[in-house]
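Undergrad: Below is the file work17.tsv, which contains TSV, C-alpha atoms.
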chain	number	residue	atom	x	y	z
U	1	MET	CA	0.00	0.00	0.00
U	2	VAL	CA	2.77	2.45	0.91
U	3	ALA	CA	4.75	1.55	-2.23
U	4	SER	CA	1.79	2.23	-4.49
U	5	ALA	CA	1.06	5.47	-2.68
U	6	LEU	CA	4.62	6.63	-3.18
U	7	ALA	CA	4.39	5.89	-6.88
U	8	VAL	CA	1.35	8.16	-7.11
U	9	LEU	CA	3.12	10.74	-5.00
U	10	ALA	CA	6.19	10.77	-7.23
U	11	VAL	CA	4.10	11.55	-10.29
U	12	ALA	CA	1.74	14.02	-8.70
U	13	PHE	CA	4.11	15.97	-6.53
U	14	ILE	CA	6.77	18.24	-8.00
U	15	ALA	CA	6.15	20.71	-5.22
U	16	THR	CA	8.04	23.69	-3.96
U	17	SER	CA	6.32	24.02	-0.59
U	18	PHE	CA	3.15	23.17	1.27
U	19	THR	CA	0.36	25.46	2.36
U	20	GLY	CA	-1.73	22.69	3.88
U	21	VAL	CA	-1.70	19.00	4.68
U	22	TRP	CA	-1.35	16.94	1.50
U	23	SER	CA	-2.09	13.25	1.72
U	24	VAL	CA	-2.48	10.02	-0.21
U	25	PRO	CA	-3.46	6.65	1.26
U	26	ASP	CA	-1.08	5.74	4.11
U	27	LEU	CA	1.09	8.84	3.62
U	28	THR	CA	0.49	12.36	4.90
U	29	VAL	CA	3.08	15.06	4.29
U	30	PRO	CA	2.70	17.89	6.80
U	31	PRO	CA	2.83	21.62	6.04
U	32	GLY	CA	6.33	22.96	5.58
U	33	ALA	CA	7.66	19.66	4.28
U	34	VAL	CA	8.64	18.34	0.84
U	35	TYR	CA	8.76	14.70	-0.19
U	36	LEU	CA	11.60	13.72	-2.55
U	37	ASP	CA	11.24	10.24	-3.97
U	38	PRO	CA	14.81	8.99	-4.60
U	39	LEU	CA	13.54	7.13	-7.68
U	40	GLU	CA	12.70	10.48	-9.27
U	41	TYR	CA	16.33	11.62	-9.08
U	42	ASN	CA	18.30	8.47	-9.86
U	43	VAL	CA	18.57	9.64	-13.45
U	44	VAL	CA	18.45	13.36	-14.25
U	45	GLY	CA	19.87	13.36	-17.78
U	46	ALA	CA	22.57	15.33	-19.57
U	47	ASN	CA	20.40	18.45	-19.78
U	48	TYR	CA	19.93	18.69	-16.02
U	49	THR	CA	20.52	22.31	-14.98
U	50	GLN	CA	21.10	21.93	-11.24
U	51	TRP	CA	24.32	19.94	-11.12
U	52	ARG	CA	26.09	20.48	-7.81
U	53	ASN	CA	29.72	21.32	-8.49
U	54	SER	CA	30.46	21.77	-4.81
U	55	SER	CA	29.60	19.46	-1.95
U	56	LEU	CA	29.04	22.60	0.12
U	57	ASP	CA	25.84	23.27	-1.84
U	58	GLY	CA	22.63	21.69	-0.62
U	59	PHE	CA	20.40	19.37	-2.65
U	60	ASN	CA	17.18	21.29	-3.19
U	61	PRO	CA	15.74	20.23	-6.56
U	62	THR	CA	12.31	21.67	-5.73
U	63	ASN	CA	13.82	25.12	-5.06
U	64	THR	CA	11.86	25.34	-1.83
U	65	THR	CA	12.51	28.39	0.30
U	66	PRO	CA	14.26	27.47	3.57
U	67	PRO	CA	13.77	26.67	6.33
U	68	PHE	CA	11.78	23.57	5.45
U	69	ILE	CA	11.79	19.81	5.92
U	70	GLN	CA	12.92	17.32	3.28
U	71	ILE	CA	11.52	13.80	3.48
U	72	PHE	CA	13.41	11.07	1.63
U	73	ASP	CA	11.71	8.10	3.26
U	74	PRO	CA	8.21	7.73	4.76
U	75	SER	CA	9.74	6.60	8.07
U	76	PHE	CA	10.83	10.20	8.64
U	77	LEU	CA	7.20	11.02	9.37
U	78	GLN	CA	7.60	9.10	12.64
U	79	VAL	CA	10.39	11.50	13.54
U	80	LEU	CA	8.37	14.56	12.61
U	81	GLY	CA	4.96	13.79	14.05
U	82	PRO	CA	1.76	15.33	12.64
U	83	ASN	CA	2.55	19.04	13.00
U	84	PRO	CA	6.30	19.70	12.76
U	85	THR	CA	7.64	23.23	12.48
U	86	ILE	CA	11.02	24.94	12.16
U	87	ARG	CA	11.22	28.41	13.70
U	88	LEU	CA	14.02	30.86	14.34
U	89	ILE	CA	14.42	31.44	18.08
U	90	ALA	CA	17.63	33.53	18.29
U	91	SER	CA	19.88	35.38	15.87
U	92	ASN	CA	22.90	37.67	15.84
U	93	PRO	CA	23.90	38.39	12.24
U	94	GLY	CA	27.64	38.80	11.80
U	95	PHE	CA	28.60	36.71	14.84
U	96	ALA	CA	28.81	32.90	14.85
U	97	PHE	CA	27.61	32.70	18.45
U	98	ALA	CA	25.89	29.30	18.08
U	99	HIS	CA	28.42	26.77	16.82
U	100	GLU	CA	28.89	23.65	18.93
U	101	ALA	CA	28.97	22.01	22.38
U	102	PRO	CA	25.22	22.01	23.06
U	103	ILE	CA	24.20	20.70	26.47
U	104	TYR	CA	20.59	20.66	27.61
U	105	VAL	CA	19.98	20.86	31.36
U	106	PRO	CA	16.38	19.72	31.96
U	107	ASP	CA	16.20	20.98	35.54
U	108	LEU	CA	16.96	24.52	34.35
U	109	ASN	CA	15.33	24.11	30.92
U	110	VAL	CA	18.41	25.79	29.46
U	111	VAL	CA	20.68	24.97	26.51
U	112	PHE	CA	24.37	25.84	26.76
U	113	PHE	CA	26.57	26.13	23.65
U	114	SER	CA	29.77	27.69	22.33
U	115	SER	CA	30.61	30.21	19.64
U	116	ASN	CA	32.82	29.36	16.67
U	117	GLY	CA	36.45	28.94	17.75
U	118	GLY	CA	38.80	30.33	15.12
U	119	GLY	CA	36.33	30.02	12.28
U	120	SER	CA	34.51	32.55	10.16
U	121	LEU	CA	32.68	35.21	12.19
U	122	GLY	CA	33.86	33.67	15.45
U	123	TYR	CA	36.07	36.64	16.38
U	124	SER	CA	38.41	34.28	18.21
U	125	GLY	CA	41.86	32.97	17.48
U	126	TRP	CA	45.42	32.84	18.81
U	127	TYR	CA	44.83	35.94	20.95
U	128	ASN	CA	41.09	35.75	21.66
U	129	ASN	CA	38.93	33.10	23.32
U	130	SER	CA	35.54	31.93	22.10
U	131	VAL	CA	32.50	32.33	24.35
U	132	VAL	CA	29.94	30.02	25.94
U	133	GLY	CA	26.34	31.15	25.86
U	134	MET	CA	22.99	29.85	27.02
U	135	ILE	CA	19.36	30.21	25.99
U	136	ASN	CA	16.39	29.74	28.30
U	137	MET	CA	13.89	27.38	26.68
U	138	THR	CA	11.09	28.48	29.00
U	139	GLU	CA	11.45	31.98	27.54
U	140	VAL	CA	11.49	30.42	24.08
U	141	ASP	CA	8.28	28.48	24.71
U	142	MET	CA	6.48	31.53	26.07
U	143	ALA	CA	7.55	33.72	23.16
U	144	LEU	CA	6.58	31.10	20.56
U	145	ALA	CA	3.16	30.67	22.15
U	146	SER	CA	2.43	34.37	21.75
U	147	ALA	CA	3.86	34.81	18.25
U	148	THR	CA	3.05	33.35	14.85
U	149	GLY	CA	6.47	33.78	13.26
U	150	ASP	CA	10.11	33.87	14.27
U	151	ILE	CA	11.34	35.18	17.60
U	152	ASN	CA	14.69	36.40	18.93
U	153	ILE	CA	15.38	35.42	22.53
U	154	GLN	CA	18.29	37.07	24.32
U	155	VAL	CA	21.32	34.81	24.68
U	156	GLN	CA	23.27	35.11	27.93
U	157	THR	CA	27.08	34.85	27.88
U	158	LEU	CA	28.85	33.00	30.68
U	159	ASN	CA	31.89	34.47	32.42
U	160	LEU	CA	34.11	31.38	32.70
U	161	SER	CA	37.52	30.70	34.16
U	162	ASP	CA	40.58	31.41	31.99
U	163	THR	CA	41.32	27.69	32.13
U	164	VAL	CA	38.42	27.22	29.68
U	165	GLN	CA	39.83	28.07	26.24
U	166	MET	CA	37.92	27.49	23.00
U	167	VAL	CA	35.06	25.20	24.08
U	168	ASN	CA	34.10	23.02	21.11
U	169	GLY	CA	32.30	19.93	22.42
U	170	GLY	CA	29.99	19.14	25.28
U	171	THR	CA	27.60	16.64	26.79
U	172	GLY	CA	25.73	15.98	29.98
U	173	PRO	CA	24.72	16.95	32.49
U	174	TYR	CA	27.52	14.86	34.01
U	175	LYS	CA	26.82	14.37	37.72
U	176	GLY	CA	25.13	17.77	37.76
U	177	ASP	CA	27.81	19.65	35.78
U	178	LEU	CA	28.39	20.61	32.17
U	179	LEU	CA	31.03	18.37	30.58
U	180	PHE	CA	33.04	20.29	27.98
U	181	VAL	CA	36.10	19.65	25.86
U	182	THR	CA	38.20	22.62	24.86
U	183	SER	CA	40.46	22.99	21.83
U	184	GLY	CA	42.97	25.10	23.74
U	185	ARG	CA	44.35	28.36	22.43
U	186	ALA	CA	47.91	29.34	21.53
U	187	LEU	CA	50.12	27.54	24.09
U	188	LEU	CA	47.23	26.98	26.52
U	189	PRO	CA	46.39	23.25	26.47
U	190	PRO	CA	43.22	21.55	25.26
U	191	SER	CA	41.32	19.98	28.12
U	192	ILE	CA	38.31	18.19	29.52
U	193	VAL	CA	36.54	20.43	32.03
U	194	LEU	CA	33.54	20.32	34.31
U	195	VAL	CA	31.59	23.57	34.65
U	196	SER	CA	28.77	24.22	37.08
U	197	PRO	CA	25.59	25.20	35.19
U	198	SER	CA	24.86	27.89	37.79
U	199	PRO	CA	26.76	31.06	38.76
U	200	PRO	CA	29.61	31.52	39.47
U	201	TYR	CA	30.16	28.62	37.02
U	202	ASN	CA	32.89	26.91	39.03
U	203	THR	CA	35.29	24.97	36.83
U	204	THR	CA	37.29	21.78	37.36
U	205	VAL	CA	39.88	20.60	34.81
U	206	LEU	CA	39.89	16.79	34.58
U	207	LEU	CA	42.51	16.23	31.87
U	208	ASP	CA	44.86	18.43	29.86
U	209	ASN	CA	47.59	16.15	28.52
U	210	PHE	CA	48.52	12.72	27.19
U	211	TYR	CA	51.46	11.65	29.35
U	212	GLY	CA	53.03	15.08	29.23
U	213	ARG	CA	52.14	15.93	25.63
U	214	GLN	CA	49.42	18.42	24.80
U	215	PHE	CA	46.50	17.16	22.77
U	216	ASN	CA	45.99	18.79	19.36
U	217	SER	CA	42.58	20.46	19.83
U	218	LEU	CA	39.85	18.40	21.45
U	219	ASN	CA	36.62	18.52	19.49
U	220	ASP	CA	33.76	16.43	20.91
U	221	ILE	CA	32.97	14.19	23.86
U	222	LYS	CA	30.38	11.63	24.99
U	223	VAL	CA	30.03	9.36	28.01
U	224	LEU	CA	29.62	5.63	27.42
U	225	PRO	CA	26.04	4.82	28.57
U	226	GLY	CA	25.88	3.02	31.89
U	227	THR	CA	29.34	4.23	32.94
U	228	ASP	CA	31.10	7.47	33.82
U	229	ILE	CA	33.87	6.86	31.26
U	230	MET	CA	34.48	9.61	28.70
U	231	PHE	CA	35.37	9.24	25.01
U	232	PHE	CA	36.61	12.19	23.00
U	233	THR	CA	37.98	13.14	19.59
U	234	ASP	CA	41.18	15.07	18.92
U	235	PRO	CA	41.64	16.41	15.37
U	236	SER	CA	44.07	19.18	14.45
U	237	TYR	CA	41.57	21.94	13.75
U	238	GLY	CA	43.27	24.30	16.19
U	239	TRP	CA	46.35	24.27	13.98
U	240	LEU	CA	44.34	24.24	10.76
U	241	ASN	CA	42.39	27.32	11.91
U	242	GLY	CA	45.44	29.19	13.16
U	243	PHE	CA	44.90	29.25	16.93
U	244	ARG	CA	47.02	26.28	18.07
U	245	PRO	CA	50.62	25.15	17.45
U	246	GLU	CA	51.43	22.40	14.97
U	247	PRO	CA	49.97	19.05	16.16
U	248	MET	CA	52.11	16.68	18.22
U	249	LEU	CA	49.83	13.63	18.09
U	250	PRO	CA	47.88	11.73	15.46
U	251	SER	CA	44.20	12.60	15.03
U	252	GLN	CA	42.57	9.96	17.25
U	253	VAL	CA	39.73	8.97	19.55
U	254	TYR	CA	40.55	8.54	23.25
U	255	ARG	CA	39.03	6.89	26.29
U	256	PHE	CA	39.38	8.58	29.68
U	257	ASP	CA	38.38	7.01	33.00
U	258	PRO	CA	38.20	9.85	35.57
U	259	SER	CA	38.11	7.37	38.47
U	260	THR	CA	41.55	5.95	37.64
U	261	GLY	CA	43.07	8.72	35.53
U	262	GLN	CA	43.81	6.25	32.73
U	263	VAL	CA	43.67	7.66	29.20
U	264	ARG	CA	44.30	5.66	26.03
U	265	VAL	CA	43.56	5.57	22.32
U	266	VAL	CA	40.57	3.48	21.17
U	267	ALA	CA	40.44	4.35	17.45
U	268	ASP	CA	42.71	5.92	14.84
U	269	GLN	CA	43.23	6.19	11.06
U	270	PHE	CA	41.10	9.30	10.65
U	271	VAL	CA	41.78	12.48	8.72
U	272	HIS	CA	39.87	14.73	11.14
U	273	PRO	CA	37.80	12.82	13.75
U	274	ASN	CA	35.02	15.09	14.86
U	275	GLY	CA	31.62	14.17	16.34
U	276	ILE	CA	31.09	11.13	18.55
U	277	ALA	CA	28.03	9.30	19.89
U	278	PHE	CA	26.88	5.95	21.29
U	279	THR	CA	23.75	3.89	20.99
U	280	PRO	CA	21.83	3.81	24.30
U	281	ASP	CA	23.02	0.26	25.03
U	282	GLY	CA	26.65	1.34	24.67
U	283	ARG	CA	27.44	-1.44	22.21
U	284	THR	CA	27.89	0.76	19.13
U	285	ALA	CA	29.84	3.97	18.58
U	286	PHE	CA	29.69	6.53	15.79
U	287	VAL	CA	32.54	8.88	14.85
U	288	THR	CA	32.37	11.49	12.11
U	289	ASP	CA	35.39	12.25	9.92
U	290	THR	CA	35.34	15.75	8.46
U	291	GLY	CA	38.53	15.27	6.45
U	292	MET	CA	37.21	17.33	3.55
U	293	ASN	CA	37.60	20.56	5.53
U	294	SER	CA	41.12	21.57	6.51
U	295	GLY	CA	40.29	25.03	7.82
U	296	LEU	CA	42.60	27.73	6.49
U	297	PHE	CA	44.19	25.13	4.19
U	298	GLY	CA	40.95	24.75	2.23
U	299	ILE	CA	38.55	22.09	1.00
U	300	ASN	CA	39.37	18.76	-0.65
U	301	GLN	CA	36.16	17.11	-1.82
U	302	THR	CA	37.89	13.75	-2.29
U	303	LEU	CA	38.51	13.38	1.46
U	304	PRO	CA	35.96	11.98	3.93
U	305	THR	CA	32.69	13.56	4.96
U	306	THR	CA	31.82	10.27	6.53
U	307	ILE	CA	30.22	8.76	9.62
U	308	TYR	CA	31.96	5.57	10.73
U	309	GLN	CA	30.34	2.94	12.90
U	310	PHE	CA	32.19	0.74	15.42
U	311	ASP	CA	31.49	-2.07	17.83
U	312	VAL	CA	32.50	-1.25	21.40
U	313	ASP	CA	34.45	-4.12	22.90
U	314	SER	CA	32.63	-5.32	26.02
U	315	VAL	CA	35.88	-5.79	27.95
U	316	THR	CA	38.40	-3.22	26.70
U	317	GLN	CA	35.90	-0.67	25.30
U	318	ALA	CA	38.13	-0.32	22.26
U	319	PHE	CA	36.36	0.59	19.02
U	320	THR	CA	36.41	-2.43	16.68
U	321	ASN	CA	34.90	-3.58	13.37
U	322	ARG	CA	35.07	-0.17	11.72
U	323	ARG	CA	32.68	0.32	8.78
U	324	VAL	CA	31.11	3.17	6.84
U	325	PHE	CA	27.73	4.11	8.26
U	326	ALA	CA	26.94	7.07	5.99
U	327	TYR	CA	28.51	9.65	3.70
U	328	ALA	CA	27.06	13.17	3.91
U	329	ASP	CA	26.03	14.51	0.51
U	330	SER	CA	26.28	18.16	1.58
U	331	GLY	CA	28.95	19.79	3.69
U	332	LEU	CA	30.37	17.52	6.34
U	333	PRO	CA	28.90	15.59	9.28
U	334	ASP	CA	30.00	17.48	12.37
U	335	GLY	CA	28.24	16.94	15.70
U	336	ILE	CA	26.14	13.81	16.08
U	337	GLN	CA	23.17	12.82	18.24
U	338	LEU	CA	20.71	9.89	18.43
U	339	ASP	CA	17.01	9.71	19.14
U	340	THR	CA	15.19	6.99	21.07
U	341	MET	CA	14.11	5.31	17.83
U	342	GLY	CA	17.74	4.69	16.83
U	343	ASN	CA	17.97	7.43	14.20
U	344	ILE	CA	21.25	9.33	13.82
U	345	TYR	CA	21.33	13.12	13.42
U	346	SER	CA	24.34	15.11	12.24
U	347	GLY	CA	24.95	18.77	11.48
U	348	CYS	CA	25.91	19.18	7.83
U	349	GLY	CA	26.26	21.74	5.05
U	350	GLU	CA	22.67	22.96	4.75
U	351	GLY	CA	21.14	21.84	8.02
U	352	THR	CA	20.64	18.67	10.02
U	353	HIS	CA	20.60	15.30	8.24
U	354	VAL	CA	18.86	12.25	9.71
U	355	TRP	CA	19.68	8.62	8.92
U	356	ASN	CA	17.94	5.52	10.22
U	357	SER	CA	19.88	2.83	12.08
U	358	GLU	CA	20.73	1.11	8.78
U	359	GLY	CA	22.41	4.22	7.37
U	360	THR	CA	19.61	5.28	5.02
U	361	LEU	CA	19.10	9.04	4.70
U	362	ILE	CA	15.46	9.55	5.68
U	363	GLY	CA	15.21	13.33	5.99
U	364	LYS	CA	16.75	16.74	6.51
U	365	PHE	CA	15.97	19.92	8.38
U	366	PHE	CA	16.98	22.19	5.50
U	367	LEU	CA	18.24	25.64	6.56
U	368	ASN	CA	20.53	26.32	3.56
U	369	SER	CA	23.51	27.09	5.78
U	370	THR	CA	25.97	25.18	7.93
U	371	SER	CA	24.59	23.68	11.13
U	372	ALA	CA	27.37	22.02	13.08
U	373	GLU	CA	25.36	20.69	16.03
U	374	MET	CA	21.95	20.09	17.55
U	375	ILE	CA	20.46	18.91	20.84
U	376	PHE	CA	17.10	17.51	21.94
U	377	THR	CA	15.10	19.43	24.55
U	378	LYS	CA	11.61	19.25	26.01
U	379	SER	CA	10.56	21.77	23.37
U	380	GLY	CA	12.03	19.93	20.40
U	381	LEU	CA	15.30	19.78	18.49
U	382	VAL	CA	17.47	22.88	18.96
U	383	ILE	CA	19.68	23.40	15.90
U	384	LEU	CA	22.81	25.56	16.18
U	385	ASN	CA	23.22	27.48	12.93
U	386	GLU	CA	26.26	29.71	13.58
U	387	GLU	CA	24.58	33.15	13.42
U	388	ALA	CA	21.19	31.77	14.44
U	389	ILE	CA	19.42	29.09	16.48
U	390	TYR	CA	16.37	27.22	15.20
U	391	LEU	CA	13.86	25.02	16.99
U	392	ALA	CA	12.35	22.05	15.18
U	393	ASN	CA	9.16	21.09	16.96
U	394	ILE	CA	9.07	17.36	16.26
U	395	GLN	CA	7.81	14.13	17.78
U	396	ALA	CA	11.16	12.36	18.21
U	397	GLN	CA	12.86	12.37	21.62
U	398	GLY	CA	16.60	12.38	22.20
U	399	ALA	CA	18.59	9.53	23.66
U	400	ASN	CA	19.49	10.10	27.31
U	401	LEU	CA	22.81	11.95	27.78
U	402	ILE	CA	22.62	12.44	31.55
U	403	THR	CA	25.21	10.78	33.81
U	404	TYR	CA	24.21	10.60	37.48
What would the structure in this file look like if it were written as structure tokens?

TA:
Amino acid sequence: MVASALAVLAVAFIATSFTGVWSVPDLTVPPGAVYLDPLEYNVVGANYTQWRNSSLDGFNPTNTTPPFIQIFDPSFLQVLGPNPTIRLIASNPGFAFAHEAPIYVPDLNVVFFSSNGGGSLGYSGWYNNSVVGMINMTEVDMALASATGDINIQVQTLNLSDTVQMVNGGTGPYKGDLLFVTSGRALLPPSIVLVSPSPPYNTTVLLDNFYGRQFNSLNDIKVLPGTDIMFFTDPSYGWLNGFRPEPMLPSQVYRFDPSTGQVRVVADQFVHPNGIAFTPDGRTAFVTDTGMNSGLFGINQTLPTTIYQFDVDSVTQAFTNRRVFAYADSGLPDGIQLDTMGNIYSGCGEGTHVWNSEGTLIGKFFLNSTSAEMIFTKSGLVILNEEAIYLANIQAQGANLITY
């Protein structure tokens, strides 16, 4: 029934946007969404006029005005729910204030995040630190309820210790605190730090070296579910973006046990390991490789924009049985999160891409600009979009990231 409905849909629907609910038997596409049947685009012909000569460009054959939702597989409707929306909730044009390290603290109903460290419009580098901000989702909910369009909630900047330099990844809450990794700045070392989510934002550095050698520039971190053991990535983006010395270590993924102080490598052979995530049972890990982007050294489209999947060894917790999970068709897969249905979300070149557990691209939240990270909240999926923050009001719920 679904297959026949999709066949009808493919013929009848060459849409640019929706103004109301459009449905066929067993398939209802909500307002603000576009269905793209992959069969319609397997062959486009020599006279096709929308060839993408750059992987940085998004795939938008319907020329729909963003923001909107692209559906590539009917299963994405289970993610969206009946009435999904994407709305702007904060913006600051000219400043990439909303880049990475999102942490949602349910008790405060607040999302914490970092500005772009060393990148375009980040206003940070060898001599200047990035900033950590936060947005109150209760204020967001109240403003959205009283408005029909976009809103712009004030973002608060945290005054953190000087030991916190260039925050780039985060997760938690971890035993009540924010768990960040920093990329370091100049000769100041990258580190894993705990920060209290409440003033005066007390900070504790947990790790800042690998047996006396500075890390390159830590990028992302997650805690293995059911434990308090931390896993983090360490590419060389600090060097590549001009705010860290030349790297002294390979680009690798590490395991850190704060109870014993032991730190060791669990995966290597990456160009630039970036985002990291686990399935809720802790048996599978995902690591993104953003090798295509070498910062100030430019773009090489023949290098990875790939999500790799690993088994987590039940004894050693080493990452084994490496295989390709997905290759991002636009931009590069940066931060990565999972929902409770097993779908994988990653920030890419024109928004957030969503794959099912088998690696099939099922949908996108299409913003037409780079979105490095996202985080689930009670209000929906918060998408960090550099100079803006969007909220996708959807049905899916995020996998638990809290460590007690």

Undergrad: Which residues of stretch 132-166 of chain U sit at most 8 Å from stretch 183-190 of chain U, using all atoms listed in the file? Give each one's shortest atom pair and distance in Å (one decimal place), in chain and ascending residue order, as a tab-separated table.

TA:
residue	atom	partner	partner_atom	distance
U:Val164	CA	U:Gly184	CA	7.8
U:Gln165	CA	U:Gly184	CA	5.0
U:Met166	CA	U:Ser183	CA	5.3

Undergrad: Can I get the selection written as an mmCIF file, in the coordinates of the input, with C-alpha atoms?

TA:
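And here is the file that came out, again.cif:
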data_model
loop_
_atom_site.group_PDB
_atom_site.id
_atom_site.type_symbol
_atom_site.label_atom_id
_atom_site.label_comp_id
_atom_site.auth_asym_id
_atom_site.auth_seq_id
_atom_site.Cartn_x
_atom_site.Cartn_y
_atom_site.Cartn_z
ATOM 1 C CA VAL U 164 38.420 27.220 29.680
ATOM 2 C CA GLN U 165 39.830 28.070 26.240
ATOM 3 C CA MET U 166 37.920 27.490 23.000
#

Undergrad: So, counting only C-alpha atoms, which residue among U:Gln397, U:Asn385, U:Gln154, U:Thr302 is closest to U:Ser54?

TA: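 Looking only at the distances to U:Ser54, the closest residue turns out to be U:Thr302.
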
Undergrad: Calculated over all atoms listed in the file, which of the candidates U:Asn83, U:Gly242, U:Tyr174, U:Pro197 has the smallest distance to U:Gly125?

TA: U:Gly242

Undergrad: For U:Leu224, which residue out of U:Gly291, U:Val263, U:Val312, U:Gly169 is the nearest one, using only C-alpha atoms?

TA: U:Val312

Undergrad: I'd like the interatomic distance between atom CA of U:Phe68 and atom CA of U:Leu88, to a tenth of an Å.

TA: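 These two atoms are separated by 11.7 Å.
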
Undergrad: Quick check, in Å to one decimal: how far apart do atom CA of U:Thr290 and atom CA of U:Ser369 lie?

TA: 16.6 Å

Undergrad: Kindly give the distance, in Å, that separates atom CA of U:Thr260 and atom CA of U:Asn202, rounded to a single decimal.

TA: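 According to the coordinates, atom CA of U:Thr260 and atom CA of U:Asn202 are separated by 22.7 Å.
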
Undergrad: Pick out the residues sitting within 12 Å of U:Thr227, and hand them over as a PDB file with C-alpha atoms, in the coordinates of the input; count all atoms listed in the file, and ignore anything fewer than 4 positions along from it in its own chain.

TA:
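The resulting part21.pdb:
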ATOM      1  CA  TYR U 174      27.520  14.860  34.010  1.00  0.00           C
ATOM      2  CA  LYS U 175      26.820  14.370  37.720  1.00  0.00           C
ATOM      3  CA  LYS U 222      30.380  11.630  24.990  1.00  0.00           C
ATOM      4  CA  VAL U 223      30.030   9.360  28.010  1.00  0.00           C
ATOM      5  CA  PHE U 231      35.370   9.240  25.010  1.00  0.00           C
ATOM      6  CA  PHE U 256      39.380   8.580  29.680  1.00  0.00           C
ATOM      7  CA  ASP U 257      38.380   7.010  33.000  1.00  0.00           C
ATOM      8  CA  PRO U 258      38.200   9.850  35.570  1.00  0.00           C
ATOM      9  CA  SER U 259      38.110   7.370  38.470  1.00  0.00           C
ATOM     10  CA  PRO U 280      21.830   3.810  24.300  1.00  0.00           C
ATOM     11  CA  ASP U 281      23.020   0.260  25.030  1.00  0.00           C
ATOM     12  CA  GLY U 282      26.650   1.340  24.670  1.00  0.00           C
ATOM     13  CA  GLN U 317      35.900  -0.670  25.300  1.00  0.00           C
ATOM     14  CA  LEU U 401      22.810  11.950  27.780  1.00  0.00           C
ATOM     15  CA  ILE U 402      22.620  12.440  31.550  1.00  0.00           C
ATOM     16  CA  THR U 403      25.210  10.780  33.810  1.00  0.00           C
ATOM     17  CA  TYR U 404      24.210  10.600  37.480  1.00  0.00           C
TER      18      TYR U 404
END

Undergrad: In the coordinates of the file, take the point (43.4, 19.6, 6.1) and a cut-off of 9 Å; then, counting only C-alpha atoms, name each qualifying protein, DNA or RNA residue as a ChimeraX atom specification.

TA: /U:236-237,240,271-272,291-300

Undergrad: Excluding U:Ile276 and its own-chain neighbours fewer than 3 positions away, which residues fall within 9 Å of it when counting all atoms listed in the file? Please give them as number ranges by chain.

TA: U: 220-222, 231-233, 253, 273, 285-288, 334-337
